[in-house]
Amino acid sequence: MRVPLAIVDYEAGNLTSVLNAVHFLGLEGLVTKDPKVIAHADRVIFPGVGAAKASMHVLDESGLGQAVKDAVKAKKPVLGICIGCQIILEHSEEDGGVSCLGILKGKAVRFKSEPNLKIPHMGWNQVEYSLAHPIFHGVPDSSEFYFVHSYHPLMDNASEVCASTLYGEQRFASALFRDNLVATQFHLEKSGDIGLEVLRNFCKWDGKVC
Amino acid sequence: MLTKRVIVCLDVRDRKVTKGVKFEGNVDVGDPVDMGAQYSLQGADELVFYDITASAERRAIDIGMVKDIAKHVFIPFSVGGGVRNLEDMYDVLLAGAEKVSINSLAVLNPRIISDGAKAFGNQCMVLGLDAKHVGVSSAFPSGYEVVIQGGRKPMGLDAVKWAKHAEDLGIGEICLNSIDADGTREGYELTITEKIAQAVNVPVIASGGAGTPEHIRNLFAKTHADAALIASMVHFGTYTIGQIKNEMNAAGIPVRRVGAQK
């Protein structure tokens with residue numbers, strides 16, 4: 001069985017929007033809880049809304065966490081979105097702290113409080129590229145994408161950051177990458193035409209960063 | 001920088017978008033899915049769909065419609081009107097809505113806010129707060145009272161006090177609708193908008209009274225509101241989202257512009 005695109009369902013929020021977006025682009029996608037399906041997929045989307053701890057629990061129990069790691073190792077294009085962008089790190093500070101998949105070196109930390117800074121960071125904010133990653137092809141630098149989150153990635157290696165965003169006085173990594181893995185803190189499936197464009201780029205991507 | 005949002009509100013009755021003045025005399029203006037997709041294309045930052053008769057008819061929100069919208073609209077949207085319990089919220093969110101909006105239900109049973117926030121996350125929970133000017137008194141320190149049922153039923157509750165209470169219970173956002181300004185197209189009610197925006201630390205959407213791009217520019221220049229709700233000024237083709245955003249941009253308000261607006 002060959003699966004062109006697997007969308008990992010680890011009970012972290014609903015995946016309807018991601019699947020709708022993939023279908024809207026005329027592409028095939030399969031929402032799955034089965035690690036075997038992910039093993040047979042050509043590419044993988046690892047989305048999610050919700051809490052890191054609950055998500056990690058499901059990923060561990062189901063074997064889906066290992067399946068995602070294996071997909072990354074097998075050089076398949078893998079895309080993390082929102083919680084999926086945080087869970088690939090080593091650790092999250094959410095809910096008193098939880099160990100995560102550790103695919104990239106870094107952790108998810110909460111926004112520091114600032115006067116008049118609302119948390120969660122919710123709405124449309126600019127994404128500034130630090131590298132011309134193939135998934136951003138055709139989408140102008142500093143375009144606005146839709147964010148909803150209280151925690152953000154803090155990376156050990158700046159070389160694994162392909163875009164950043166400023167909220168209040170805090171600049172944070174809003175898109176991460178290494179080889180065939182790329183992840184966005186913002187919601188591609190809710191960011192209008194440019195979000196769909198990035199998704200389309202991902203679905204065509206060969207997993208190589210020039 | 002986080003941009004100020006322009007949110008288009010679509011009141012839906014029998015699967016048609018309708019627009020009334022002061023909750024009376026509604027006119028059908030189009031199909032909710034088509035209109036939602038169109039506004040998204042034009043650069044709306046978010047959409048709100050209210051099933052305005054679900055509540056009166058004591059039925060659940062039209063979930064089929066929510067699913068259709070989610071298949072064609074790829075910006076955040078919330079759904080409200082007639083949410084009766086957690087199960088209704090779950091259905092709306094699972095159908096593809098980003099957020100669910102509750103109003104009377106929350107006033108009558110505030111616990112639904114904490115239950116919903118716990119089950120789905122604060123960011124999913126929007127409080128619709130209808131406020132009416134009653135003058136400052138010991139019962140209403142802000143001078144505004146919470147009303148429900150389209151303004152027909154006063155609740156004896158101070159608007160600012162209720163907003164803060166709802167925040168404590170876990171609401172993620174407040175959509176403040178001025179009953180006095182609603183449908184007038186004479187501008188937002190800035191006083192209560194600013195009082196609530198100052199009182200809470202969750203985003204505040206101003207609603208009621210938008211008639212021109214200048215009203216929106218004024219709202220953001222004079223209050224700390226995070227978003228502006230608009231309806232008839234775009235439904236009847238008087239203005240486009242592009243015009244509104246250009247006006248905001250010219251006034252130095254951070255705004256997301258799409259395609260040809262840039």
# chains A, B, ... in the order shown; residues from 1 in each chain; ligands from 1

call {"tool": "closest_atom_pairs", "arguments": {"of": "chain B", "to": "chain A", "cutoff": "8 Å", "atoms": "only C-alpha atoms", "output": "Markdown table"}}
result
| residue | atom | partner | partner_atom | distance |
| --- | --- | --- | --- | --- |
| B:Met1 | CA | A:Asn125 | CA | 5.7 |
| B:Leu2 | CA | A:Asn125 | CA | 4.6 |
| B:Thr3 | CA | A:Trp124 | CA | 5.8 |
| B:Arg5 | CA | A:Gly123 | CA | 7.4 |
| B:Ser40 | CA | A:Gly192 | CA | 7.0 |
| B:Leu41 | CA | A:Gly192 | CA | 7.7 |
| B:Asp45 | CA | A:Trp124 | CA | 7.7 |
| B:Ala70 | CA | A:Ser17 | CA | 6.7 |
| B:Lys71 | CA | A:Asn20 | CA | 5.3 |
| B:His72 | CA | A:Phe24 | CA | 7.4 |
| B:Val73 | CA | A:Gly192 | CA | 7.8 |
| B:Phe74 | CA | A:Lys190 | CA | 4.8 |
| B:Ile75 | CA | A:Lys190 | CA | 4.3 |
| B:Pro76 | CA | A:Lys190 | CA | 5.6 |
| B:Leu93 | CA | A:Asn14 | CA | 7.7 |
| B:Leu94 | CA | A:Asn14 | CA | 6.0 |
| B:Ala95 | CA | A:Thr16 | CA | 7.0 |
| B:Gly96 | CA | A:Ser17 | CA | 5.7 |
| B:Phe120 | CA | A:Gly50 | CA | 7.8 |
| B:Gly121 | CA | A:Gly50 | CA | 7.0 |
| B:Gln123 | CA | A:Val148 | CA | 7.4 |
| B:Asn201 | CA | A:Lys118 | CA | 5.8 |
| B:Val202 | CA | A:Lys118 | CA | 6.0 |
| B:Pro203 | CA | A:Lys118 | CA | 7.1 |
| B:Arg256 | CA | A:Glu144 | CA | 6.3 |

call {"tool": "residues_around", "arguments": {"residues": "A:His91", "least_positions_apart": "2", "cutoff": "8 Å", "atoms": "only C-alpha atoms", "output": "PyMOL selection string"}}
result
chain A and resi 87+89+93+97-102+106-108

call {"tool": "residues_around", "arguments": {"residues": "B:Tyr50", "least_positions_apart": "6", "cutoff": "7 Å", "atoms": "only C-alpha atoms", "output": "list in words"}}
result
Leu10, Asp11, Val12, Val79, Gly80 and Gly81 of chain B

call {"tool": "write_last_selection", "arguments": {"atoms": "N, CA and C atoms", "output": "PDB file, in the first residue's frame"}}
result
ATOM      1  N   LEU B  10     -21.394  37.264   9.659  1.00  0.00           N
ATOM      2  CA  LEU B  10     -22.482  36.835   8.795  1.00  0.00           C
ATOM      3  C   LEU B  10     -23.578  36.213   9.656  1.00  0.00           C
ATOM      4  N   ASP B  11     -24.705  36.913   9.726  1.00  0.00           N
ATOM      5  CA  ASP B  11     -25.854  36.358  10.434  1.00  0.00           C
ATOM      6  C   ASP B  11     -26.575  35.434   9.464  1.00  0.00           C
ATOM      7  N   VAL B  12     -26.844  34.223   9.914  1.00  0.00           N
ATOM      8  CA  VAL B  12     -27.429  33.249   8.998  1.00  0.00           C
ATOM      9  C   VAL B  12     -28.811  32.808   9.484  1.00  0.00           C
ATOM     10  N   VAL B  79     -18.234  30.231  15.177  1.00  0.00           N
ATOM     11  CA  VAL B  79     -19.651  29.962  14.963  1.00  0.00           C
ATOM     12  C   VAL B  79     -20.376  30.188  16.276  1.00  0.00           C
ATOM     13  N   GLY B  80     -21.518  30.844  16.187  1.00  0.00           N
ATOM     14  CA  GLY B  80     -22.288  31.085  17.404  1.00  0.00           C
ATOM     15  C   GLY B  80     -23.775  31.108  17.121  1.00  0.00           C
ATOM     16  N   GLY B  81     -24.533  31.347  18.173  1.00  0.00           N
ATOM     17  CA  GLY B  81     -25.985  31.351  18.046  1.00  0.00           C
ATOM     18  C   GLY B  81     -26.493  29.957  18.300  1.00  0.00           C
TER      19      GLY B  81
END

call {"tool": "select_by_dssp", "arguments": {"residues": "chain A", "states": "alpha helix (DSSP H)", "output": "PyMOL selection string"}}
result
chain A and resi 16-24+35-39+52-62+64-73+83-87+192-204

call {"tool": "residues_around", "arguments": {"residues": "A:Ser62", "least_positions_apart": "2", "cutoff": "12 Å", "atoms": "only C-alpha atoms", "output": "ChimeraX atom specification"}}
result
/A:8-11,32-36,55-60,64-68

call {"tool": "closest_residue", "arguments": {"among": "B:Ile69, B:Ile148, B:Ala37, B:Ala119", "to": "B:Arg15", "atoms": "only C-alpha atoms"}}
result
B:Ile69

call {"tool": "atom_distance", "arguments": {"atom1": "atom CA of B:Leu229", "atom2": "atom CA of B:Thr184"}}
result
13.9 Å

call {"tool": "residues_around", "arguments": {"residues": "A:Phe172", "least_positions_apart": "6", "cutoff": "10 Å", "atoms": "only C-alpha atoms", "output": "JSON, numbers by chain"}}
result
{"A": [111, 151, 152, 153, 154, 155, 161, 163, 164, 165, 166, 185]}

call {"tool": "write_last_selection", "arguments": {"atoms": "C-alpha atoms", "output": "compact mmCIF listing (two decimals), in the first residue's frame"}}
result
# COMPACT_ATOMS: atom_id res chain seq x y z
CA PHE A 111 6.06 33.87 26.11
CA TYR A 151 4.53 28.59 23.93
CA HIS A 152 7.14 28.98 21.23
CA PRO A 153 10.28 27.14 20.07
CA LEU A 154 13.62 28.18 21.56
CA MET A 155 16.36 26.57 19.48
CA VAL A 161 15.58 28.38 12.13
CA ALA A 163 11.86 32.14 9.87
CA SER A 164 11.17 34.26 12.91
CA THR A 165 8.36 36.48 14.18
CA LEU A 166 8.20 39.41 16.57
CA GLN A 185 4.45 27.47 14.52

call {"tool": "residues_around", "arguments": {"residues": "B:Gly252", "least_positions_apart": "2", "cutoff": "12 Å", "atoms": "only C-alpha atoms", "output": "number ranges by chain"}}
result
B: 3-4, 217-218, 220-221, 245-250, 254-256

call {"tool": "write_last_selection", "arguments": {"atoms": "N, CA and C atoms", "output": "PDB file, in the first residue's frame"}}
result
ATOM      1  N   THR B   3      -1.098  42.080  13.834  1.00  0.00           N
ATOM      2  CA  THR B   3      -1.944  43.071  13.156  1.00  0.00           C
ATOM      3  C   THR B   3      -3.314  43.171  13.828  1.00  0.00           C
ATOM      4  N   LYS B   4      -3.966  44.298  13.616  1.00  0.00           N
ATOM      5  CA  LYS B   4      -5.352  44.462  14.058  1.00  0.00           C
ATOM      6  C   LYS B   4      -6.242  43.755  13.037  1.00  0.00           C
ATOM      7  N   ARG B 217     -10.928  52.956  11.551  1.00  0.00           N
ATOM      8  CA  ARG B 217      -9.680  53.666  11.847  1.00  0.00           C
ATOM      9  C   ARG B 217      -9.776  54.325  13.229  1.00  0.00           C
ATOM     10  N   ASN B 218     -10.911  54.967  13.478  1.00  0.00           N
ATOM     11  CA  ASN B 218     -11.169  55.619  14.767  1.00  0.00           C
ATOM     12  C   ASN B 218     -11.110  54.660  15.938  1.00  0.00           C
ATOM     13  N   PHE B 220      -9.469  51.879  16.248  1.00  0.00           N
ATOM     14  CA  PHE B 220      -8.110  51.455  16.586  1.00  0.00           C
ATOM     15  C   PHE B 220      -7.236  52.621  17.047  1.00  0.00           C
ATOM     16  N   ALA B 221      -7.574  53.824  16.594  1.00  0.00           N
ATOM     17  CA  ALA B 221      -6.798  54.986  17.036  1.00  0.00           C
ATOM     18  C   ALA B 221      -7.152  55.336  18.480  1.00  0.00           C
ATOM     19  N   LYS B 245      -8.868  48.268   4.812  1.00  0.00           N
ATOM     20  CA  LYS B 245      -7.478  48.013   5.184  1.00  0.00           C
ATOM     21  C   LYS B 245      -6.549  49.113   4.693  1.00  0.00           C
ATOM     22  N   ASN B 246      -6.841  49.662   3.530  1.00  0.00           N
ATOM     23  CA  ASN B 246      -6.016  50.775   3.044  1.00  0.00           C
ATOM     24  C   ASN B 246      -6.125  51.976   3.979  1.00  0.00           C
ATOM     25  N   GLU B 247      -7.338  52.218   4.435  1.00  0.00           N
ATOM     26  CA  GLU B 247      -7.566  53.329   5.369  1.00  0.00           C
ATOM     27  C   GLU B 247      -6.792  53.087   6.673  1.00  0.00           C
ATOM     28  N   MET B 248      -6.833  51.867   7.165  1.00  0.00           N
ATOM     29  CA  MET B 248      -6.103  51.526   8.393  1.00  0.00           C
ATOM     30  C   MET B 248      -4.604  51.698   8.177  1.00  0.00           C
ATOM     31  N   ASN B 249      -4.133  51.193   7.053  1.00  0.00           N
ATOM     32  CA  ASN B 249      -2.701  51.257   6.759  1.00  0.00           C
ATOM     33  C   ASN B 249      -2.228  52.710   6.668  1.00  0.00           C
ATOM     34  N   ALA B 250      -3.030  53.538   6.030  1.00  0.00           N
ATOM     35  CA  ALA B 250      -2.665  54.945   5.866  1.00  0.00           C
ATOM     36  C   ALA B 250      -2.573  55.644   7.227  1.00  0.00           C
ATOM     37  N   PRO B 254      -1.257  48.696  12.305  1.00  0.00           N
ATOM     38  CA  PRO B 254      -0.720  47.471  11.713  1.00  0.00           C
ATOM     39  C   PRO B 254      -1.842  46.608  11.150  1.00  0.00           C
ATOM     40  N   VAL B 255      -1.706  46.238   9.893  1.00  0.00           N
ATOM     41  CA  VAL B 255      -2.811  45.581   9.208  1.00  0.00           C
ATOM     42  C   VAL B 255      -2.257  44.556   8.238  1.00  0.00           C
ATOM     43  N   ARG B 256      -2.981  43.484   8.072  1.00  0.00           N
ATOM     44  CA  ARG B 256      -2.581  42.461   7.095  1.00  0.00           C
ATOM     45  C   ARG B 256      -3.260  42.804   5.778  1.00  0.00           C
TER      46      ARG B 256
END

call {"tool": "residues_around", "arguments": {"residues": "A:Lys75", "least_positions_apart": "6", "cutoff": "10 Å", "atoms": "only C-alpha atoms", "output": "JSON, numbers by chain"}}
result
{"A": [42, 43, 179, 180, 181, 206, 207, 208]}

call {"tool": "write_last_selection", "arguments": {"atoms": "C-alpha atoms", "output": "mmCIF file, in the first residue's frame"}}
result
data_model
loop_
_atom_site.group_PDB
_atom_site.id
_atom_site.type_symbol
_atom_site.label_atom_id
_atom_site.label_comp_id
_atom_site.auth_asym_id
_atom_site.auth_seq_id
_atom_site.Cartn_x
_atom_site.Cartn_y
_atom_site.Cartn_z
ATOM 1 C CA ASP A 42 5.667 9.271 0.928
ATOM 2 C CA ARG A 43 5.317 12.351 3.081
ATOM 3 C CA ASP A 179 17.129 18.428 5.930
ATOM 4 C CA ASN A 180 13.768 16.801 5.089
ATOM 5 C CA LEU A 181 12.005 18.119 8.202
ATOM 6 C CA ASP A 206 11.634 16.608 -2.541
ATOM 7 C CA GLY A 207 12.869 17.060 1.038
ATOM 8 C CA LYS A 208 16.065 18.814 0.024
#

call {"tool": "atom_distance", "arguments": {"atom1": "atom CA of A:Gly84", "atom2": "atom CA of A:Val182"}}
result
10.2 Å

call {"tool": "atom_distance", "arguments": {"atom1": "atom CA of B:Val204", "atom2": "atom CA of B:Ala225"}}
result
5.2 Å

call {"tool": "select_by_dssp", "arguments": {"residues": "stretch 145-201 of chain B", "states": "strand (DSSP E or B)", "output": "PyMOL selection string"}}
result
chain B and resi 145-148+153-158+173-178
